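File shown here: input-v6.cif, holding mmCIF, C-alpha atoms.
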data_run
loop_
_atom_site.group_PDB
_atom_site.id
_atom_site.type_symbol
_atom_site.label_atom_id
_atom_site.label_comp_id
_atom_site.auth_asym_id
_atom_site.auth_seq_id
_atom_site.Cartn_x
_atom_site.Cartn_y
_atom_site.Cartn_z
ATOM 1 C CA MET A 388 -13.982 16.479 7.727
ATOM 2 C CA ARG A 389 -13.268 16.517 4.035
ATOM 3 C CA LYS A 390 -14.098 13.477 1.947
ATOM 4 C CA LEU A 391 -11.251 11.899 0.018
ATOM 5 C CA SER A 392 -12.179 11.927 -3.652
ATOM 6 C CA ASN A 393 -10.536 11.923 -7.021
ATOM 7 C CA ILE A 394 -10.344 15.734 -6.917
ATOM 8 C CA LYS A 395 -7.047 17.190 -5.713
ATOM 9 C CA LYS A 396 -7.298 18.931 -2.391
ATOM 10 C CA THR A 397 -6.379 22.582 -2.081
ATOM 11 C CA LYS A 398 -5.401 22.342 1.594
ATOM 12 C CA PRO A 399 -3.480 19.518 3.299
ATOM 13 C CA MET A 400 -5.388 17.374 5.787
ATOM 14 C CA ASN A 401 -4.191 16.993 9.342
ATOM 15 C CA PHE A 402 -3.183 13.475 10.306
ATOM 16 C CA LYS A 403 -6.495 12.486 11.896
ATOM 17 C CA GLU A 404 -8.413 13.720 8.839
ATOM 18 C CA LEU A 405 -6.031 11.776 6.591
ATOM 19 C CA ALA A 406 -6.288 8.560 8.628
ATOM 20 C CA THR A 407 -10.077 8.884 8.681
ATOM 21 C CA ALA A 408 -10.406 9.677 4.971
ATOM 22 C CA ARG A 409 -8.151 6.873 3.693
ATOM 23 C CA PHE A 410 -10.093 3.752 2.723
ATOM 24 C CA SER A 411 -9.628 0.646 0.583
ATOM 25 C CA VAL A 412 -10.345 1.879 -2.927
ATOM 26 C CA ARG A 413 -11.854 -0.703 -5.240
ATOM 27 C CA LYS A 414 -12.693 1.405 -8.279
ATOM 28 C CA PHE A 415 -10.358 3.719 -10.134
ATOM 29 C CA THR A 416 -10.586 6.088 -13.062
ATOM 30 C CA ASP A 417 -8.325 5.545 -16.057
ATOM 31 C CA GLU A 418 -6.526 8.852 -15.402
ATOM 32 C CA ALA A 419 -2.764 8.372 -15.161
ATOM 33 C CA VAL A 420 -0.968 9.021 -11.888
ATOM 34 C CA SER A 421 1.374 11.965 -12.421
ATOM 35 C CA GLN A 422 5.114 11.670 -11.993
ATOM 36 C CA ALA A 423 4.932 14.416 -9.353
ATOM 37 C CA ASP A 424 2.475 12.306 -7.336
ATOM 38 C CA LEU A 425 4.628 9.193 -7.737
ATOM 39 C CA ASP A 426 7.747 11.101 -6.679
ATOM 40 C CA ALA A 427 6.007 12.469 -3.571
ATOM 41 C CA ILE A 428 4.678 9.030 -2.616
ATOM 42 C CA MET A 429 8.018 7.309 -3.178
ATOM 43 C CA THR A 430 9.768 9.920 -1.040
ATOM 44 C CA CYS A 431 7.334 9.274 1.824
ATOM 45 C CA VAL A 432 7.967 5.532 1.519
ATOM 46 C CA GLN A 433 11.713 6.174 1.599
ATOM 47 C CA LEU A 434 11.264 8.029 4.918
ATOM 48 C CA ALA A 435 9.546 5.103 6.665
ATOM 49 C CA PRO A 436 11.297 3.829 9.789
ATOM 50 C CA SER A 437 12.551 0.271 10.121
ATOM 51 C CA ALA A 438 14.222 -1.805 12.815
ATOM 52 C CA CYS A 439 17.903 -0.840 13.030
ATOM 53 C CA ASN A 440 17.308 1.203 9.860
ATOM 54 C CA ARG A 441 17.716 -1.919 7.712
ATOM 55 C CA GLN A 442 15.041 -0.780 5.229
ATOM 56 C CA PRO A 443 14.406 -4.382 4.140
ATOM 57 C CA TRP A 444 12.197 -3.628 1.180
ATOM 58 C CA LYS A 445 11.918 -3.144 -2.530
ATOM 59 C CA PHE A 446 8.979 -1.708 -4.424
ATOM 60 C CA LEU A 447 8.288 -2.608 -8.037
ATOM 61 C CA LEU A 448 6.286 0.085 -9.817
ATOM 62 C CA LEU A 449 4.198 -1.806 -12.373
ATOM 63 C CA ALA A 450 3.274 0.798 -14.957
ATOM 64 C CA SER A 451 3.913 -0.770 -18.362
ATOM 65 C CA ASP A 452 1.099 -2.561 -20.156
ATOM 66 C CA GLU A 453 3.097 -5.804 -19.954
ATOM 67 C CA ALA A 454 3.673 -5.523 -16.191
ATOM 68 C CA LYS A 455 0.028 -4.604 -15.551
ATOM 69 C CA GLU A 456 -1.165 -7.578 -17.599
ATOM 70 C CA LYS A 457 1.093 -9.873 -15.559
ATOM 71 C CA ILE A 458 -0.004 -8.590 -12.144
ATOM 72 C CA ARG A 459 -3.660 -8.843 -13.144
ATOM 73 C CA GLN A 460 -3.057 -12.575 -13.699
ATOM 74 C CA CYS A 461 -2.132 -12.826 -10.010
ATOM 75 C CA TYR A 462 -5.366 -11.329 -8.670
ATOM 76 C CA ASP A 463 -8.316 -11.772 -10.976
ATOM 77 C CA ARG A 464 -10.941 -9.320 -9.745
ATOM 78 C CA PRO A 465 -12.740 -6.837 -12.027
ATOM 79 C CA TRP A 466 -12.168 -3.892 -9.691
ATOM 80 C CA PHE A 467 -8.422 -4.657 -9.509
ATOM 81 C CA ALA A 468 -8.104 -4.343 -13.274
ATOM 82 C CA SER A 469 -9.362 -0.746 -13.090
ATOM 83 C CA ALA A 470 -6.155 0.538 -11.470
ATOM 84 C CA PRO A 471 -3.811 2.461 -13.777
ATOM 85 C CA ILE A 472 -0.697 1.444 -11.827
ATOM 86 C CA TYR A 473 0.380 -1.095 -9.192
ATOM 87 C CA VAL A 474 3.101 -1.317 -6.588
ATOM 88 C CA LEU A 475 4.443 -4.768 -5.745
ATOM 89 C CA CYS A 476 5.782 -4.524 -2.190
ATOM 90 C CA MET A 477 8.596 -6.925 -1.368
ATOM 91 C CA LYS A 478 10.630 -7.671 1.736
ATOM 92 C CA ASP A 479 14.306 -8.510 1.793
ATOM 93 C CA THR A 480 14.356 -12.009 3.245
ATOM 94 C CA ALA A 481 18.009 -11.950 4.330
ATOM 95 C CA ASN A 482 18.576 -8.426 5.616
ATOM 96 C CA ALA A 483 15.679 -7.649 7.932
ATOM 97 C CA TRP A 484 16.545 -7.142 11.582
ATOM 98 C CA VAL A 485 15.974 -10.245 13.708
ATOM 99 C CA ARG A 486 15.264 -9.991 17.430
ATOM 100 C CA PRO A 487 18.002 -11.999 19.168
ATOM 101 C CA ASP A 488 15.873 -13.337 22.050
ATOM 102 C CA ASP A 489 13.400 -15.287 19.935
ATOM 103 C CA GLY A 490 14.577 -15.039 16.321
ATOM 104 C CA LYS A 491 11.568 -12.967 15.212
ATOM 105 C CA SER A 492 12.247 -11.263 11.899
ATOM 106 C CA HIS A 493 10.868 -7.749 11.591
ATOM 107 C CA GLY A 494 10.798 -7.723 7.778
ATOM 108 C CA ASP A 495 7.005 -7.927 7.507
ATOM 109 C CA ILE A 496 6.588 -5.286 10.204
ATOM 110 C CA ASP A 497 9.057 -2.904 8.580
ATOM 111 C CA LEU A 498 7.512 -3.397 5.163
ATOM 112 C CA GLY A 499 4.043 -2.871 6.633
ATOM 113 C CA ILE A 500 5.123 0.500 8.016
ATOM 114 C CA ALA A 501 6.521 1.529 4.627
ATOM 115 C CA VAL A 502 3.382 0.379 2.797
ATOM 116 C CA GLU A 503 1.177 2.366 5.146
ATOM 117 C CA HIS A 504 3.380 5.400 4.416
ATOM 118 C CA LEU A 505 2.605 4.709 0.734
ATOM 119 C CA ALA A 506 -1.151 4.451 1.361
ATOM 120 C CA LEU A 507 -1.309 7.606 3.476
ATOM 121 C CA ALA A 508 0.925 9.586 1.103
ATOM 122 C CA ALA A 509 -1.338 8.586 -1.787
ATOM 123 C CA ALA A 510 -4.450 9.602 0.182
ATOM 124 C CA ASP A 511 -2.830 12.920 1.029
ATOM 125 C CA ARG A 512 -2.499 13.558 -2.710
ATOM 126 C CA GLY A 513 -6.148 12.634 -3.349
ATOM 127 C CA LEU A 514 -5.308 9.168 -4.693
ATOM 128 C CA GLY A 515 -6.595 5.778 -3.657
ATOM 129 C CA THR A 516 -4.961 2.491 -2.739
ATOM 130 C CA CYS A 517 -5.984 -0.918 -1.460
ATOM 131 C CA TRP A 518 -3.851 -3.502 0.305
ATOM 132 C CA VAL A 519 -4.093 -6.763 -1.645
ATOM 133 C CA CYS A 520 -2.595 -9.780 0.091
ATOM 134 C CA ASN A 521 -4.872 -12.590 -1.136
ATOM 135 C CA TYR A 522 -3.178 -13.019 -4.501
ATOM 136 C CA ASP A 523 -1.734 -16.054 -6.280
ATOM 137 C CA VAL A 524 1.642 -16.292 -4.523
ATOM 138 C CA GLU A 525 3.141 -18.773 -6.980
ATOM 139 C CA ALA A 526 2.142 -16.637 -9.967
ATOM 140 C CA VAL A 527 3.785 -13.565 -8.409
ATOM 141 C CA LYS A 528 6.971 -15.552 -7.748
ATOM 142 C CA ARG A 529 7.002 -16.795 -11.334
ATOM 143 C CA LEU A 530 6.107 -13.508 -13.041
ATOM 144 C CA PHE A 531 8.087 -11.094 -10.812
ATOM 145 C CA PRO A 532 11.136 -12.974 -9.561
ATOM 146 C CA VAL A 533 13.507 -10.847 -7.484
ATOM 147 C CA GLU A 534 16.318 -12.821 -5.899
ATOM 148 C CA GLY A 535 16.331 -12.517 -2.112
ATOM 149 C CA PHE A 536 12.939 -10.788 -1.922
ATOM 150 C CA GLU A 537 9.461 -12.054 -1.111
ATOM 151 C CA ALA A 538 6.297 -10.313 -2.305
ATOM 152 C CA VAL A 539 4.054 -9.363 0.615
ATOM 153 C CA ALA A 540 1.398 -7.063 -0.858
ATOM 154 C CA ILE A 541 0.154 -5.594 -4.121
ATOM 155 C CA ILE A 542 -1.057 -2.007 -3.947
ATOM 156 C CA PRO A 543 -3.234 -0.754 -6.815
ATOM 157 C CA LEU A 544 -2.834 3.023 -7.035
ATOM 158 C CA GLY A 545 -4.849 5.618 -8.874
ATOM 159 C CA HIS A 546 -7.508 8.297 -8.991
ATOM 160 C CA ILE A 547 -10.674 7.272 -7.197
ATOM 161 C CA ALA A 548 -13.794 6.807 -9.314
ATOM 162 C CA GLU A 549 -16.686 9.038 -8.260
ATOM 163 C CA ASP A 550 -18.899 5.969 -7.782
ATOM 164 C CA CYS A 551 -16.299 3.983 -5.840
ATOM 165 C CA PRO A 552 -17.913 2.196 -2.896
ATOM 166 C CA ASN A 553 -16.780 3.518 0.486
ATOM 167 C CA PRO A 554 -18.404 1.560 3.289
ATOM 168 C CA GLY A 555 -16.966 3.834 5.972
ATOM 169 C CA LYS A 556 -14.882 2.768 8.909
ATOM 170 C CA LYS A 557 -16.104 0.257 11.471
ATOM 171 C CA ARG A 558 -13.622 0.180 14.340
ATOM 172 C CA LYS A 559 -13.540 -1.363 17.792
ATOM 173 C CA GLY A 560 -14.054 1.073 20.638
ATOM 174 C CA LEU A 561 -11.010 2.602 22.287
ATOM 175 C CA ASP A 562 -11.836 0.702 25.492
ATOM 176 C CA GLU A 563 -11.466 -2.556 23.525
ATOM 177 C CA ILE A 564 -8.016 -1.820 22.142
ATOM 178 C CA TRP A 565 -6.360 0.337 24.837
ATOM 179 C CA GLN A 566 -5.601 -0.849 28.332
ATOM 180 C CA LYS A 567 -3.960 1.277 30.985
ATOM 181 C CA LEU A 568 -1.962 -0.640 33.554
#

Here is a file; write its structure as structure tokens.
Amino acid sequence: MRKLSNIKKTKPMNFKELATARFSVRKFTDEAVSQADLDAIMTCVQLAPSACNRQPWKFLLLASDEAKEKIRQCYDRPWFASAPIYVLCMKDTANAWVRPDDGKSHGDIDLGIAVEHLALAAADRGLGTCWVCNYDVEAVKRLFPVEGFEAVAIIPLGHIAEDCPNPGKKRKGLDEIWQKL
């Protein structure tokens, strides 16, 4: 199994290698993310499935100094400030599919699928991400208002620092999460 690092891979990983290698990156280099990498990641996000193909999402790519300064006000952690770029992931609050039997909206689910496409696509390109959901919600609403959309996650994106902590994966056993009936 190859280790995900800030060095571009020469050979694509299979899906299990990719899922194993991807981790929550909390230290980035200051190297810019290339437009080719961004284009590839955005295309993978675009391909994500959603209930009834509603695609109830919008992604704000926060790359300018002004936008980065604003988002850093919403989650004040030193490691977070090391990212060269951020993606603010938003769900469409009015156009997500709603299950008729119980009124459950699938907007968060659909957006979650698309964000995981983003995280895996970034990992496949040798880049790191981290799901950030514990941010200042009111500050995000104030600083990044998008009518009809609700911010759900902030994804810092960038090249992984060589000394980035990677605690490894601790997962429940298959017998704890799978049940055959």

Could you name the residues that touch A:Gln460 at 10 Å or less, counting all atoms listed in the file, but leaving out those on the same chain fewer than 3 positions away, as a VMD selection string? chain A and resid 455 to 457 463 to 464 468 522 to 523 526 to 527 530

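Evaluating the PyMOL selection byres ((chain A and resi 480) around 9) against the shown model yields Pro443, Trp444, Met477, Lys478, Asp479, Ala481, Asn482, Ala483, Ser492, Gly494, Gly535, Phe536 and Glu537 of chain A.
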
Using the chain letters and numbers from the file, which residues does the PyMOL selection byres ((chain A and resi 499) around 12) grab, as a VMD selection string? chain A and resid 432 435 to 438 442 to 444 476 to 478 493 to 498 500 to 506 518 520 538 to 542

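Of the residues under consideration (A:Trp484, A:Lys528, A:Asp550, A:Pro471), A:Pro471 shows the shortest atom-to-atom contact distance to A:Leu448 when counting only C-alpha atoms.
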
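Nearest to A:Cys431 of all the residues A:Thr407, A:Asp489, A:Arg512, A:Ser469 is A:Arg512, based on all atoms listed in the file.
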
Find the residues near A:Lys556: any atom within 10 Å, counting all atoms listed in the file, skip ones fewer than 3 places away on the same chain, and give them as a PyMOL selection string. chain A and resi 407-410+553+559

Can you list what the PyMOL selection byres ((chain A and resi 446) around 6) grabs from this structure, as a PDB file with C-alpha atoms, in the coordinates of the input?
ATOM      1  CA  LYS A 445      11.918  -3.144  -2.530  1.00  0.00           C
ATOM      2  CA  LEU A 447       8.288  -2.608  -8.037  1.00  0.00           C
ATOM      3  CA  LEU A 475       4.443  -4.768  -5.745  1.00  0.00           C
ATOM      4  CA  CYS A 476       5.782  -4.524  -2.190  1.00  0.00           C
TER       5      CYS A 476
END

Identify which of the residues A:Ala450, A:Val519, A:Ile458, A:Ile547 lies closest to A:Leu425, counting only C-alpha atoms when measuring atom-to-atom distances. A:Ala450

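Between atom CA of A:Cys517 and atom CA of A:Lys414 the interatomic distance comes to 9.8 Å.
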
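Residue nearest A:Ala508 within the list A:Cys551, A:Asp562, A:Leu544, A:Asn440: A:Leu544 [criterion: smallest interatomic distance, all atoms listed in the file].
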
Need the shell around A:Ala406: protein/DNA/RNA residues with any atom at most 9 Å away, counting all atoms listed in the file. Skip same-chain ones fewer than 4 positions apart. Format as a ChimeraX atom specification? /A:401-402,410,507,510

Would you place a box with edges along x, y and z of the file around all atoms of stretch 438-454 of chain A listed there, add 4 Å to each of its six sides, and report the centre and edge lengths in Å to one decimal, as lines of an AutoDock Vina configuration file?
center_x = 9.5
center_y = -2.3
center_z = -3.6
size_x = 24.8
size_y = 15.0
size_z = 41.2

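Candidate residues A:Pro487, A:Leu434, A:Asp511, A:Pro532 were compared for distance to A:Met400, and the nearest is A:Asp511, using all atoms listed in the file.
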
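Pairwise distance (atom CA of A:Leu449, atom CA of A:Thr516) equals 14.0 Å.
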
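Taking only C-alpha atoms into account, A:Glu525 lies nearest to A:Cys461 out of the set A:Lys403, A:Cys461, A:Gly490, A:Ser411.
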
I want to know what sits within 9 Å of A:Pro552, based on all atoms listed in the file, with residues of the same chain fewer than 3 positions away left out; could you give that as a VMD selection string? chain A and resid 412 to 414 548 to 549

Quick one: distance from atom CA of A:Tyr473 to atom CA of A:Gly545 in Å, one decimal? 8.5 Å

N, CA and C atoms are what I want for stretch 531-542 of chain A; can you complete it accordingly and write them as a PDB file, keeping the file's coordinate frame?
ATOM      1  N   PHE A 531       7.292 -12.217 -11.321  1.00  0.00           N
ATOM      2  CA  PHE A 531       8.087 -11.094 -10.812  1.00  0.00           C
ATOM      3  C   PHE A 531       9.194 -11.600  -9.887  1.00  0.00           C
ATOM      4  N   PRO A 532      10.084 -12.432 -10.421  1.00  0.00           N
ATOM      5  CA  PRO A 532      11.136 -12.974  -9.561  1.00  0.00           C
ATOM      6  C   PRO A 532      12.191 -11.907  -9.230  1.00  0.00           C
ATOM      7  N   VAL A 533      12.443 -11.738  -7.939  1.00  0.00           N
ATOM      8  CA  VAL A 533      13.507 -10.847  -7.484  1.00  0.00           C
ATOM      9  C   VAL A 533      14.284 -11.628  -6.435  1.00  0.00           C
ATOM     10  N   GLU A 534      15.494 -11.998  -6.775  1.00  0.00           N
ATOM     11  CA  GLU A 534      16.318 -12.821  -5.899  1.00  0.00           C
ATOM     12  C   GLU A 534      16.472 -12.183  -4.525  1.00  0.00           C
ATOM     13  N   GLY A 535      16.174 -12.975  -3.486  1.00  0.00           N
ATOM     14  CA  GLY A 535      16.331 -12.517  -2.112  1.00  0.00           C
ATOM     15  C   GLY A 535      15.162 -11.721  -1.566  1.00  0.00           C
ATOM     16  N   PHE A 536      14.104 -11.558  -2.358  1.00  0.00           N
ATOM     17  CA  PHE A 536      12.939 -10.788  -1.922  1.00  0.00           C
ATOM     18  C   PHE A 536      11.672 -11.625  -2.039  1.00  0.00           C
ATOM     19  N   GLU A 537      10.753 -11.376  -1.125  1.00  0.00           N
ATOM     20  CA  GLU A 537       9.461 -12.054  -1.111  1.00  0.00           C
ATOM     21  C   GLU A 537       8.350 -11.008  -1.238  1.00  0.00           C
ATOM     22  N   ALA A 538       7.436 -11.221  -2.167  1.00  0.00           N
ATOM     23  CA  ALA A 538       6.297 -10.313  -2.305  1.00  0.00           C
ATOM     24  C   ALA A 538       5.388 -10.476  -1.090  1.00  0.00           C
ATOM     25  N   VAL A 539       4.919  -9.349  -0.563  1.00  0.00           N
ATOM     26  CA  VAL A 539       4.054  -9.363   0.615  1.00  0.00           C
ATOM     27  C   VAL A 539       2.692  -8.744   0.309  1.00  0.00           C
ATOM     28  N   ALA A 540       2.665  -7.732  -0.545  1.00  0.00           N
ATOM     29  CA  ALA A 540       1.398  -7.063  -0.858  1.00  0.00           C
ATOM     30  C   ALA A 540       1.470  -6.452  -2.252  1.00  0.00           C
ATOM     31  N   ILE A 541       0.307  -6.330  -2.862  1.00  0.00           N
ATOM     32  CA  ILE A 541       0.154  -5.594  -4.121  1.00  0.00           C
ATOM     33  C   ILE A 541      -0.729  -4.395  -3.794  1.00  0.00           C
ATOM     34  N   ILE A 542      -0.285  -3.221  -4.209  1.00  0.00           N
ATOM     35  CA  ILE A 542      -1.057  -2.007  -3.947  1.00  0.00           C
ATOM     36  C   ILE A 542      -1.475  -1.383  -5.277  1.00  0.00           C
TER      37      ILE A 542
END
